[in-house]
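Structure data (compact mmCIF, N, CA and C atoms) from final.txt:
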# COMPACT_ATOMS: atom_id res chain seq x y z
N MET A 16 103.94 113.56 115.18
CA MET A 16 104.88 113.44 114.09
C MET A 16 104.83 114.72 113.25
N LYS A 17 105.95 115.21 112.85
CA LYS A 17 106.05 116.45 112.09
C LYS A 17 105.60 116.22 110.65
N GLU A 18 104.80 117.14 110.13
CA GLU A 18 104.33 117.08 108.75
C GLU A 18 105.51 117.36 107.82
N ARG A 19 105.77 116.44 106.87
CA ARG A 19 106.90 116.59 105.97
C ARG A 19 106.50 117.06 104.58
N ARG A 20 105.22 117.15 104.33
CA ARG A 20 104.77 117.55 103.00
C ARG A 20 105.08 119.02 102.74
N VAL A 21 105.54 119.27 101.54
CA VAL A 21 105.89 120.62 101.13
C VAL A 21 104.76 121.23 100.30
N HIS A 22 104.05 120.39 99.54
CA HIS A 22 103.03 120.86 98.60
C HIS A 22 101.64 120.43 99.04
N PRO A 23 100.62 121.26 98.76
CA PRO A 23 99.25 120.84 99.06
C PRO A 23 98.86 119.64 98.21
N ARG A 24 97.99 118.79 98.75
CA ARG A 24 97.53 117.59 98.06
C ARG A 24 96.08 117.76 97.64
N PHE A 25 95.73 117.08 96.55
CA PHE A 25 94.39 117.12 96.00
C PHE A 25 93.88 115.70 95.80
N ASP A 26 92.64 115.46 96.25
CA ASP A 26 92.03 114.14 96.07
C ASP A 26 91.65 113.94 94.61
N VAL A 27 91.96 112.77 94.08
CA VAL A 27 91.61 112.38 92.72
C VAL A 27 91.41 110.87 92.71
N ILE A 28 90.88 110.37 91.65
CA ILE A 28 90.94 108.94 91.36
C ILE A 28 91.31 108.83 89.89
N LEU A 29 92.59 108.48 89.65
CA LEU A 29 93.11 108.36 88.29
C LEU A 29 93.76 106.99 88.12
N PRO A 30 93.40 106.26 87.07
CA PRO A 30 94.10 104.99 86.83
C PRO A 30 95.57 105.25 86.50
N ALA A 31 96.41 104.36 86.97
CA ALA A 31 97.85 104.51 86.75
C ALA A 31 98.49 103.14 86.75
N ASN A 32 99.70 103.07 86.23
CA ASN A 32 100.49 101.86 86.41
C ASN A 32 101.86 102.24 86.92
N VAL A 33 102.44 101.32 87.65
CA VAL A 33 103.75 101.52 88.26
C VAL A 33 104.66 100.39 87.79
N THR A 34 105.84 100.76 87.33
CA THR A 34 106.81 99.77 86.89
C THR A 34 108.02 99.83 87.81
N VAL A 35 108.40 98.66 88.31
CA VAL A 35 109.60 98.51 89.12
C VAL A 35 110.40 97.38 88.47
N GLY A 36 111.56 97.74 87.95
CA GLY A 36 112.34 96.74 87.22
C GLY A 36 111.55 96.26 86.01
N ASP A 37 111.37 94.95 85.90
CA ASP A 37 110.62 94.37 84.78
C ASP A 37 109.15 94.14 85.12
N ASN A 38 108.73 94.52 86.31
CA ASN A 38 107.37 94.26 86.78
C ASN A 38 106.50 95.50 86.69
N ARG A 39 105.29 95.32 86.16
CA ARG A 39 104.34 96.42 86.05
C ARG A 39 103.05 96.03 86.77
N VAL A 40 102.51 96.96 87.56
CA VAL A 40 101.24 96.73 88.26
C VAL A 40 100.33 97.93 88.03
N ASP A 41 99.02 97.66 88.12
CA ASP A 41 98.03 98.70 87.95
C ASP A 41 97.47 99.11 89.31
N GLY A 42 97.07 100.36 89.39
CA GLY A 42 96.46 100.88 90.61
C GLY A 42 95.75 102.18 90.29
N ASN A 43 95.36 102.90 91.32
CA ASN A 43 94.71 104.19 91.17
C ASN A 43 95.44 105.23 92.00
N ILE A 44 95.61 106.40 91.42
CA ILE A 44 96.15 107.53 92.17
C ILE A 44 95.01 108.10 92.98
N PHE A 45 95.23 108.27 94.30
CA PHE A 45 94.19 108.79 95.19
C PHE A 45 94.43 110.22 95.60
N ASP A 46 95.66 110.67 95.58
CA ASP A 46 95.91 112.10 95.76
C ASP A 46 97.20 112.48 95.06
N ILE A 47 97.24 113.75 94.70
CA ILE A 47 98.36 114.27 93.93
C ILE A 47 98.82 115.59 94.54
N SER A 48 100.06 115.94 94.25
CA SER A 48 100.60 117.24 94.61
C SER A 48 101.66 117.59 93.58
N MET A 49 102.21 118.76 93.68
CA MET A 49 103.28 119.15 92.76
C MET A 49 104.48 118.23 92.92
N GLY A 50 104.66 117.68 94.11
CA GLY A 50 105.85 116.87 94.38
C GLY A 50 105.70 115.37 94.25
N GLY A 51 104.44 114.87 94.15
CA GLY A 51 104.30 113.43 94.06
C GLY A 51 102.85 112.98 94.11
N ILE A 52 102.68 111.67 94.27
CA ILE A 52 101.35 111.07 94.27
C ILE A 52 101.24 110.02 95.36
N GLN A 53 100.00 109.65 95.66
CA GLN A 53 99.72 108.50 96.51
C GLN A 53 98.90 107.53 95.67
N ILE A 54 99.41 106.33 95.49
CA ILE A 54 98.73 105.34 94.67
C ILE A 54 98.18 104.24 95.56
N GLY A 55 97.02 103.74 95.21
CA GLY A 55 96.41 102.64 95.94
C GLY A 55 96.47 101.37 95.11
N CYS A 56 96.70 100.26 95.77
CA CYS A 56 96.77 98.98 95.07
C CYS A 56 96.51 97.84 96.05
N ASP A 57 96.36 96.64 95.52
CA ASP A 57 96.14 95.48 96.37
C ASP A 57 97.47 94.97 96.92
N GLN A 58 97.39 93.97 97.78
CA GLN A 58 98.59 93.47 98.46
C GLN A 58 99.60 92.87 97.49
N ALA A 59 99.12 92.13 96.49
CA ALA A 59 100.04 91.52 95.52
C ALA A 59 100.81 92.60 94.76
N SER A 60 100.12 93.66 94.36
CA SER A 60 100.78 94.75 93.64
C SER A 60 101.75 95.50 94.55
N ALA A 61 101.34 95.72 95.80
CA ALA A 61 102.22 96.41 96.75
C ALA A 61 103.51 95.63 96.94
N ALA A 62 103.42 94.31 96.95
CA ALA A 62 104.62 93.48 97.13
C ALA A 62 105.59 93.62 95.97
N VAL A 63 105.08 93.96 94.78
CA VAL A 63 105.95 94.19 93.63
C VAL A 63 106.66 95.54 93.76
N ILE A 64 105.91 96.55 94.23
CA ILE A 64 106.44 97.91 94.31
C ILE A 64 107.36 98.09 95.51
N VAL A 65 106.97 97.53 96.64
CA VAL A 65 107.66 97.78 97.90
C VAL A 65 108.29 96.49 98.42
N PRO A 66 109.56 96.51 98.73
CA PRO A 66 110.19 95.28 99.23
C PRO A 66 109.55 94.76 100.51
N THR A 67 109.16 95.67 101.42
CA THR A 67 108.52 95.30 102.68
C THR A 67 107.30 96.18 102.86
N PRO A 68 106.12 95.76 102.33
CA PRO A 68 104.94 96.62 102.44
C PRO A 68 104.61 96.96 103.89
N ASN A 69 103.92 98.09 104.07
CA ASN A 69 103.45 98.57 105.37
C ASN A 69 104.59 99.06 106.26
N GLN A 70 105.66 99.51 105.67
CA GLN A 70 106.76 100.07 106.46
C GLN A 70 107.21 101.38 105.83
N HIS A 71 107.65 102.29 106.68
CA HIS A 71 108.24 103.52 106.16
C HIS A 71 109.57 103.19 105.52
N VAL A 72 109.85 103.87 104.45
CA VAL A 72 111.12 103.68 103.77
C VAL A 72 112.12 104.63 104.39
N HIS A 73 113.29 104.13 104.71
CA HIS A 73 114.31 104.96 105.35
C HIS A 73 114.80 106.03 104.39
N PRO A 74 114.98 107.26 104.88
CA PRO A 74 115.50 108.32 104.02
C PRO A 74 116.80 107.89 103.37
N GLY A 75 116.92 108.18 102.10
CA GLY A 75 118.12 107.81 101.37
C GLY A 75 118.04 106.44 100.73
N ALA A 76 116.98 105.68 101.04
CA ALA A 76 116.83 104.37 100.41
C ALA A 76 116.68 104.58 98.91
N ASN A 77 117.34 103.75 98.15
CA ASN A 77 117.33 103.91 96.70
C ASN A 77 116.27 103.01 96.08
N LEU A 78 115.00 103.29 96.38
CA LEU A 78 113.90 102.52 95.83
C LEU A 78 113.18 103.40 94.83
N GLU A 79 113.26 103.03 93.55
CA GLU A 79 112.69 103.86 92.51
C GLU A 79 111.69 103.08 91.68
N ALA A 80 110.74 103.81 91.11
CA ALA A 80 109.71 103.24 90.26
C ALA A 80 109.39 104.24 89.16
N VAL A 81 108.73 103.77 88.12
CA VAL A 81 108.23 104.64 87.06
C VAL A 81 106.71 104.57 87.09
N VAL A 82 106.06 105.72 87.19
CA VAL A 82 104.60 105.77 87.21
C VAL A 82 104.13 106.39 85.91
N SER A 83 103.01 105.88 85.39
CA SER A 83 102.45 106.37 84.14
C SER A 83 100.95 106.61 84.34
N PHE A 84 100.46 107.78 83.89
CA PHE A 84 99.06 108.15 84.09
C PHE A 84 98.69 109.31 83.17
N ARG A 85 97.40 109.63 83.13
CA ARG A 85 96.90 110.79 82.38
C ARG A 85 96.20 111.75 83.33
N CYS A 86 96.41 113.04 83.13
CA CYS A 86 95.66 114.05 83.87
C CYS A 86 94.28 114.16 83.24
N PRO A 87 93.25 114.42 84.03
CA PRO A 87 91.90 114.59 83.47
C PRO A 87 91.88 115.69 82.41
N GLY A 88 91.18 115.44 81.31
CA GLY A 88 91.05 116.43 80.25
C GLY A 88 92.23 116.52 79.32
N ASP A 89 93.20 115.62 79.44
CA ASP A 89 94.39 115.66 78.59
C ASP A 89 94.68 114.25 78.09
N ASP A 90 94.95 114.12 76.81
CA ASP A 90 95.21 112.79 76.23
C ASP A 90 96.66 112.33 76.40
N MET A 91 97.56 113.25 76.76
CA MET A 91 98.96 112.88 76.88
C MET A 91 99.19 111.96 78.08
N ARG A 92 99.86 110.86 77.85
CA ARG A 92 100.23 109.95 78.93
C ARG A 92 101.51 110.50 79.57
N LEU A 93 101.47 110.72 80.87
CA LEU A 93 102.63 111.24 81.60
C LEU A 93 103.39 110.08 82.23
N THR A 94 104.69 110.16 82.16
CA THR A 94 105.55 109.15 82.76
C THR A 94 106.57 109.87 83.62
N ALA A 95 106.71 109.40 84.86
CA ALA A 95 107.66 110.05 85.77
C ALA A 95 108.45 109.01 86.55
N ASN A 96 109.74 109.26 86.67
CA ASN A 96 110.56 108.47 87.59
C ASN A 96 110.26 108.97 88.99
N CYS A 97 110.08 108.03 89.90
CA CYS A 97 109.69 108.38 91.26
C CYS A 97 110.54 107.66 92.29
N ARG A 98 110.56 108.24 93.47
CA ARG A 98 111.23 107.64 94.62
C ARG A 98 110.13 107.20 95.60
N LEU A 99 110.23 105.99 96.06
CA LEU A 99 109.29 105.47 97.04
C LEU A 99 109.51 106.16 98.37
N VAL A 100 108.43 106.71 98.95
CA VAL A 100 108.52 107.43 100.21
C VAL A 100 107.93 106.63 101.36
N VAL A 101 106.73 106.08 101.16
CA VAL A 101 106.06 105.37 102.24
C VAL A 101 105.08 104.37 101.67
N SER A 102 104.83 103.33 102.43
CA SER A 102 103.80 102.36 102.11
C SER A 102 103.05 102.04 103.39
N ARG A 103 101.71 102.00 103.28
CA ARG A 103 100.93 101.66 104.47
C ARG A 103 99.71 100.86 104.06
N ARG A 104 99.34 99.92 104.92
CA ARG A 104 98.14 99.11 104.71
C ARG A 104 96.94 99.90 105.22
N VAL A 105 95.87 99.98 104.40
CA VAL A 105 94.66 100.67 104.83
C VAL A 105 93.51 99.70 105.05
N SER A 106 93.63 98.47 104.56
CA SER A 106 92.67 97.41 104.85
C SER A 106 93.38 96.08 104.58
N SER A 107 92.67 94.98 104.72
CA SER A 107 93.32 93.67 104.62
C SER A 107 93.99 93.45 103.27
N ASN A 108 93.45 94.02 102.19
CA ASN A 108 94.06 93.82 100.88
C ASN A 108 94.23 95.13 100.12
N GLU A 109 94.43 96.23 100.85
CA GLU A 109 94.60 97.53 100.20
C GLU A 109 95.74 98.31 100.83
N PHE A 110 96.60 98.84 99.97
CA PHE A 110 97.75 99.61 100.40
C PHE A 110 97.72 100.98 99.75
N ARG A 111 98.33 101.97 100.40
CA ARG A 111 98.58 103.29 99.84
C ARG A 111 100.10 103.46 99.81
N ILE A 112 100.60 103.86 98.64
CA ILE A 112 102.04 103.98 98.45
C ILE A 112 102.34 105.41 98.01
N GLY A 113 103.20 106.10 98.76
CA GLY A 113 103.59 107.46 98.44
C GLY A 113 104.81 107.46 97.54
N LEU A 114 104.71 108.16 96.42
CA LEU A 114 105.81 108.27 95.46
C LEU A 114 106.14 109.74 95.24
N GLU A 115 107.40 110.07 95.36
CA GLU A 115 107.88 111.44 95.13
C GLU A 115 108.48 111.51 93.73
N PHE A 116 108.09 112.53 92.97
CA PHE A 116 108.62 112.69 91.61
C PHE A 116 110.11 113.03 91.65
N ILE A 117 110.86 112.35 90.80
CA ILE A 117 112.26 112.68 90.58
C ILE A 117 112.36 113.50 89.29
N GLU A 118 111.77 112.96 88.22
CA GLU A 118 111.73 113.69 86.95
C GLU A 118 110.66 113.09 86.04
N PHE A 119 110.10 113.95 85.19
CA PHE A 119 109.13 113.50 84.20
C PHE A 119 109.87 113.08 82.94
N GLY A 120 109.14 112.38 82.06
CA GLY A 120 109.74 111.88 80.82
C GLY A 120 110.35 112.98 79.98
N ASP A 121 109.71 114.15 79.95
CA ASP A 121 110.27 115.30 79.24
C ASP A 121 109.62 116.57 79.79
N ASP A 122 110.10 117.71 79.30
CA ASP A 122 109.60 119.00 79.81
C ASP A 122 108.12 119.21 79.52
N ARG A 123 107.65 118.73 78.38
CA ARG A 123 106.24 118.91 78.04
C ARG A 123 105.35 118.15 79.04
N GLN A 124 105.75 116.96 79.41
CA GLN A 124 104.98 116.20 80.40
C GLN A 124 104.97 116.92 81.75
N ARG A 125 106.13 117.41 82.16
CA ARG A 125 106.21 118.14 83.43
C ARG A 125 105.33 119.38 83.40
N GLN A 126 105.37 120.11 82.30
CA GLN A 126 104.56 121.33 82.17
C GLN A 126 103.06 121.01 82.17
N THR A 127 102.67 119.91 81.53
CA THR A 127 101.27 119.49 81.53
C THR A 127 100.81 119.18 82.95
N TYR A 128 101.64 118.46 83.69
CA TYR A 128 101.30 118.12 85.07
C TYR A 128 101.22 119.38 85.94
N GLU A 129 102.21 120.24 85.83
CA GLU A 129 102.22 121.47 86.63
C GLU A 129 100.99 122.33 86.32
N ALA A 130 100.59 122.40 85.05
CA ALA A 130 99.40 123.18 84.68
C ALA A 130 98.16 122.58 85.33
N TYR A 131 98.06 121.26 85.36
CA TYR A 131 96.92 120.61 86.00
C TYR A 131 96.88 120.94 87.50
N ILE A 132 98.02 120.86 88.16
CA ILE A 132 98.07 121.16 89.59
C ILE A 132 97.71 122.62 89.84
N GLU A 133 98.22 123.52 89.02
CA GLU A 133 97.91 124.94 89.17
C GLU A 133 96.41 125.20 88.99
N GLU A 134 95.77 124.48 88.05
CA GLU A 134 94.32 124.61 87.87
C GLU A 134 93.59 124.17 89.13
N ARG A 135 94.03 123.05 89.71
CA ARG A 135 93.41 122.56 90.94
C ARG A 135 93.58 123.56 92.08
N MET A 136 94.76 124.17 92.18
CA MET A 136 95.01 125.16 93.21
C MET A 136 94.10 126.38 93.02
N ALA A 137 93.91 126.80 91.76
CA ALA A 137 93.06 127.96 91.48
C ALA A 137 91.61 127.68 91.86
N GLU A 138 91.18 126.43 91.74
CA GLU A 138 89.81 126.07 92.12
C GLU A 138 89.57 126.30 93.61
N LEU A 139 90.62 126.16 94.40
CA LEU A 139 90.49 126.33 95.85
C LEU A 139 90.56 127.79 96.29
N ALA A 140 91.10 128.64 95.42
CA ALA A 140 91.29 130.05 95.79
C ALA A 140 89.98 130.82 95.80

Could you express the structure from this file as structure tokens?
Amino acid sequence: MKERRVHPRFDVILPANVTVGDNRVDGNIFDISMGGIQIGCDQASAAVIVPTPNQHVHPGANLEAVVSFRCPGDDMRLTANCRLVVSRRVSSNEFRIGLEFIEFGDDRQRQTYEAYIEERMAELA
């Protein structure tokens, strides 16, 4: 299968919540990139976020969510509108859900996130 990722990913564990419609669930971000995140959650939470868990979402599907989290070392809560990319089961009650950023709540939030990613990239150089 061809690699579709455009940006390098970094392992993290950050608490986050995801809102879809009127439903909010908690989970942890397990990896991040300039373009999106991978969040982990239990089966009940995955069912709220993803209409059919453990399936690839077809390109162009209009499945959107809002994710909220904090970058390490920063008190600002970041909120981003996201597009659901993929959902996969990793154990009997654990899912990983890929979310691609559409837009952040405002420019300051986007700049804070980009600065965090750039710091992570510099650590690898």

Please list as a PDB file with N, CA and C atoms, in the coordinates of the input every residue within 9 Å of segment 77-94 of chain A, counting only C-alpha atoms and excluding residues in the same chain fewer than 5 positions away.
ATOM      1  N   LEU A  29      92.590 108.480  89.650  1.00  0.00           N
ATOM      2  CA  LEU A  29      93.110 108.360  88.290  1.00  0.00           C
ATOM      3  C   LEU A  29      93.760 106.990  88.120  1.00  0.00           C
ATOM      4  N   PRO A  30      93.400 106.260  87.070  1.00  0.00           N
ATOM      5  CA  PRO A  30      94.100 104.990  86.830  1.00  0.00           C
ATOM      6  C   PRO A  30      95.570 105.250  86.500  1.00  0.00           C
ATOM      7  N   ALA A  31      96.410 104.360  86.970  1.00  0.00           N
ATOM      8  CA  ALA A  31      97.850 104.510  86.750  1.00  0.00           C
ATOM      9  C   ALA A  31      98.490 103.140  86.750  1.00  0.00           C
ATOM     10  N   ASN A  32      99.700 103.070  86.230  1.00  0.00           N
ATOM     11  CA  ASN A  32     100.490 101.860  86.410  1.00  0.00           C
ATOM     12  C   ASN A  32     101.860 102.240  86.920  1.00  0.00           C
ATOM     13  N   VAL A  33     102.440 101.320  87.650  1.00  0.00           N
ATOM     14  CA  VAL A  33     103.750 101.520  88.260  1.00  0.00           C
ATOM     15  C   VAL A  33     104.660 100.390  87.790  1.00  0.00           C
ATOM     16  N   THR A  34     105.840 100.760  87.330  1.00  0.00           N
ATOM     17  CA  THR A  34     106.810  99.770  86.890  1.00  0.00           C
ATOM     18  C   THR A  34     108.020  99.830  87.810  1.00  0.00           C
ATOM     19  N   VAL A  35     108.400  98.660  88.310  1.00  0.00           N
ATOM     20  CA  VAL A  35     109.600  98.510  89.120  1.00  0.00           C
ATOM     21  C   VAL A  35     110.400  97.380  88.470  1.00  0.00           C
ATOM     22  N   GLY A  36     111.560  97.740  87.950  1.00  0.00           N
ATOM     23  CA  GLY A  36     112.340  96.740  87.220  1.00  0.00           C
ATOM     24  C   GLY A  36     111.550  96.260  86.010  1.00  0.00           C
ATOM     25  N   ILE A  44      95.610 106.400  91.420  1.00  0.00           N
ATOM     26  CA  ILE A  44      96.150 107.530  92.170  1.00  0.00           C
ATOM     27  C   ILE A  44      95.010 108.100  92.980  1.00  0.00           C
ATOM     28  N   ILE A  64     105.910  96.550  94.230  1.00  0.00           N
ATOM     29  CA  ILE A  64     106.440  97.910  94.310  1.00  0.00           C
ATOM     30  C   ILE A  64     107.360  98.090  95.510  1.00  0.00           C
ATOM     31  N   VAL A  65     106.970  97.530  96.640  1.00  0.00           N
ATOM     32  CA  VAL A  65     107.660  97.780  97.900  1.00  0.00           C
ATOM     33  C   VAL A  65     108.290  96.490  98.420  1.00  0.00           C
ATOM     34  N   PRO A  66     109.560  96.510  98.730  1.00  0.00           N
ATOM     35  CA  PRO A  66     110.190  95.280  99.230  1.00  0.00           C
ATOM     36  C   PRO A  66     109.550  94.760 100.510  1.00  0.00           C
ATOM     37  N   VAL A  72     109.850 103.870 104.450  1.00  0.00           N
ATOM     38  CA  VAL A  72     111.120 103.680 103.770  1.00  0.00           C
ATOM     39  C   VAL A  72     112.120 104.630 104.390  1.00  0.00           C
ATOM     40  N   LEU A  99     110.230 105.990  96.060  1.00  0.00           N
ATOM     41  CA  LEU A  99     109.290 105.470  97.040  1.00  0.00           C
ATOM     42  C   LEU A  99     109.510 106.160  98.370  1.00  0.00           C
ATOM     43  N   VAL A 100     108.430 106.710  98.950  1.00  0.00           N
ATOM     44  CA  VAL A 100     108.520 107.430 100.210  1.00  0.00           C
ATOM     45  C   VAL A 100     107.930 106.630 101.360  1.00  0.00           C
ATOM     46  N   LEU A 114     104.710 108.160  96.420  1.00  0.00           N
ATOM     47  CA  LEU A 114     105.810 108.270  95.460  1.00  0.00           C
ATOM     48  C   LEU A 114     106.140 109.740  95.240  1.00  0.00           C
ATOM     49  N   GLU A 118     111.770 112.960  88.220  1.00  0.00           N
ATOM     50  CA  GLU A 118     111.730 113.690  86.950  1.00  0.00           C
ATOM     51  C   GLU A 118     110.660 113.090  86.040  1.00  0.00           C
ATOM     52  N   PHE A 119     110.100 113.950  85.190  1.00  0.00           N
ATOM     53  CA  PHE A 119     109.130 113.500  84.200  1.00  0.00           C
ATOM     54  C   PHE A 119     109.870 113.080  82.940  1.00  0.00           C
ATOM     55  N   GLY A 120     109.140 112.380  82.060  1.00  0.00           N
ATOM     56  CA  GLY A 120     109.740 111.880  80.820  1.00  0.00           C
ATOM     57  C   GLY A 120     110.350 112.980  79.980  1.00  0.00           C
ATOM     58  N   ASP A 121     109.710 114.150  79.950  1.00  0.00           N
ATOM     59  CA  ASP A 121     110.270 115.300  79.240  1.00  0.00           C
ATOM     60  C   ASP A 121     109.620 116.570  79.790  1.00  0.00           C
ATOM     61  N   GLN A 124     105.750 116.960  79.410  1.00  0.00           N
ATOM     62  CA  GLN A 124     104.980 116.200  80.400  1.00  0.00           C
ATOM     63  C   GLN A 124     104.970 116.920  81.750  1.00  0.00           C
ATOM     64  N   ARG A 125     106.130 117.410  82.160  1.00  0.00           N
ATOM     65  CA  ARG A 125     106.210 118.140  83.430  1.00  0.00           C
ATOM     66  C   ARG A 125     105.330 119.380  83.400  1.00  0.00           C
ATOM     67  N   THR A 127     102.670 119.910  81.530  1.00  0.00           N
ATOM     68  CA  THR A 127     101.270 119.490  81.530  1.00  0.00           C
ATOM     69  C   THR A 127     100.810 119.180  82.950  1.00  0.00           C
ATOM     70  N   TYR A 128     101.640 118.460  83.690  1.00  0.00           N
ATOM     71  CA  TYR A 128     101.300 118.120  85.070  1.00  0.00           C
ATOM     72  C   TYR A 128     101.220 119.380  85.940  1.00  0.00           C
ATOM     73  N   TYR A 131      98.060 121.260  85.360  1.00  0.00           N
ATOM     74  CA  TYR A 131      96.920 120.610  86.000  1.00  0.00           C
ATOM     75  C   TYR A 131      96.880 120.940  87.500  1.00  0.00           C
TER      76      TYR A 131
END

Query raised in the report: Of the candidates A:Asp122, A:Glu115, A:Glu109, A:Glu129, which one gets nearest to Gly50 of chain A if we count only C-alpha atoms?
Result: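 Comparing A:Asp122, A:Glu115, A:Glu109, A:Glu129 against Gly50 of chain A, the winner is A:Glu115.
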
**Report entry** Given all atoms listed in the file as the counted atoms, nearest of A:Asn38, A:Ile28, A:Asp57, A:Ser48 to Arg111 of chain A
**Finding:** A:Asp57

Hey, what's within 8 Å of Ile112 of chain A if we count all atoms listed in the file and toss same-chain stuff fewer than 3 positions away? As an mmCIF file with N, CA and C atoms, in the frame of the given file, please?
data_model
loop_
_atom_site.group_PDB
_atom_site.id
_atom_site.type_symbol
_atom_site.label_atom_id
_atom_site.label_comp_id
_atom_site.auth_asym_id
_atom_site.auth_seq_id
_atom_site.Cartn_x
_atom_site.Cartn_y
_atom_site.Cartn_z
ATOM 1 N N ILE A 52 102.680 111.670 94.270
ATOM 2 C CA ILE A 52 101.350 111.070 94.270
ATOM 3 C C ILE A 52 101.240 110.020 95.360
ATOM 4 N N GLN A 53 100.000 109.650 95.660
ATOM 5 C CA GLN A 53 99.720 108.500 96.510
ATOM 6 C C GLN A 53 98.900 107.530 95.670
ATOM 7 N N ILE A 54 99.410 106.330 95.490
ATOM 8 C CA ILE A 54 98.730 105.340 94.670
ATOM 9 C C ILE A 54 98.180 104.240 95.560
ATOM 10 N N GLY A 55 97.020 103.740 95.210
ATOM 11 C CA GLY A 55 96.410 102.640 95.940
ATOM 12 C C GLY A 55 96.470 101.370 95.110
ATOM 13 N N CYS A 56 96.700 100.260 95.770
ATOM 14 C CA CYS A 56 96.770 98.980 95.070
ATOM 15 C C CYS A 56 96.510 97.840 96.050
ATOM 16 N N ALA A 61 101.340 95.720 95.800
ATOM 17 C CA ALA A 61 102.220 96.410 96.750
ATOM 18 C C ALA A 61 103.510 95.630 96.940
ATOM 19 N N LEU A 99 110.230 105.990 96.060
ATOM 20 C CA LEU A 99 109.290 105.470 97.040
ATOM 21 C C LEU A 99 109.510 106.160 98.370
ATOM 22 N N VAL A 100 108.430 106.710 98.950
ATOM 23 C CA VAL A 100 108.520 107.430 100.210
ATOM 24 C C VAL A 100 107.930 106.630 101.360
ATOM 25 N N VAL A 101 106.730 106.080 101.160
ATOM 26 C CA VAL A 101 106.060 105.370 102.240
ATOM 27 C C VAL A 101 105.080 104.370 101.670
ATOM 28 N N SER A 102 104.830 103.330 102.430
ATOM 29 C CA SER A 102 103.800 102.360 102.110
ATOM 30 C C SER A 102 103.050 102.040 103.390
ATOM 31 N N ARG A 103 101.710 102.000 103.280
ATOM 32 C CA ARG A 103 100.930 101.660 104.470
ATOM 33 C C ARG A 103 99.710 100.860 104.060
ATOM 34 N N ARG A 104 99.340 99.920 104.920
ATOM 35 C CA ARG A 104 98.140 99.110 104.710
ATOM 36 C C ARG A 104 96.940 99.900 105.220
ATOM 37 N N GLU A 109 94.430 96.230 100.850
ATOM 38 C CA GLU A 109 94.600 97.530 100.200
ATOM 39 C C GLU A 109 95.740 98.310 100.830
ATOM 40 N N GLU A 115 107.400 110.070 95.360
ATOM 41 C CA GLU A 115 107.880 111.440 95.130
ATOM 42 C C GLU A 115 108.480 111.510 93.730
#

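Between atom CA of Ala130 of chain A and atom CA of Asn43 of chain A the interatomic distance comes to 20.6 Å.
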
**Report entry** d(atom CA of Val27 of chain A, atom CA of Ala95 of chain A) in Å
**Finding:** 17.6 Å

Query raised in the report: So how far away is atom CA of His22 of chain A from atom N of Val105 of chain A, in Å?
Result: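 Between these atoms lies a distance of 22.8 Å.
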
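Using only C-alpha atoms, the shortest contact distance between Glu134 of chain A and any of A:Phe45, A:Phe110, A:Phe116, A:Phe25 is found at A:Phe25.
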
Query - Distance criterion (only C-alpha atoms): nearest to Asp46 of chain A out of A:Arg123, A:Arg24, A:Arg135, A:Arg98 - result: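 Among the listed residues, A:Arg24 lies closest to Asp46 of chain A.
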
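Backbone DSSP over chain A gives helix (DSSP H, G or I) for Gln58, Ala59, Ser60, Ala61, Ala62, Val63, Ile64, Asp122, Arg123, Gln124, Arg125, Gln126, Thr127, Tyr128, Glu129, Ala130, Tyr131, Ile132, Glu133, Glu134, Arg135, Met136, Ala137, Glu138 and Leu139 of chain A.
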
Report task. Within segment 46-105 of chain A, find each residue whose DSSP state, derived from the backbone, is strand (DSSP E or B), and express the selection as a PyMOL selection string. Result -> chain A and resi 46-47+51-56+71+79-85+92-105

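Among the candidate residues A:Cys97, A:Met136, A:Gln58, A:Met49, the one lying nearest to Ile117 of chain A is A:Cys97, with distances computed using only N, CA and C atoms.
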
Grab all the atoms of segment 107-118 of chain A that the file lists, wrap them in a box along x, y and z, add 5 Å per side, and give me centre plus edge lengths in Å (one decimal) as JSON.
{"center_x": 102.5, "center_y": 103.6, "center_z": 95.4, "size_x": 29.7, "size_y": 30.2, "size_z": 28.7}
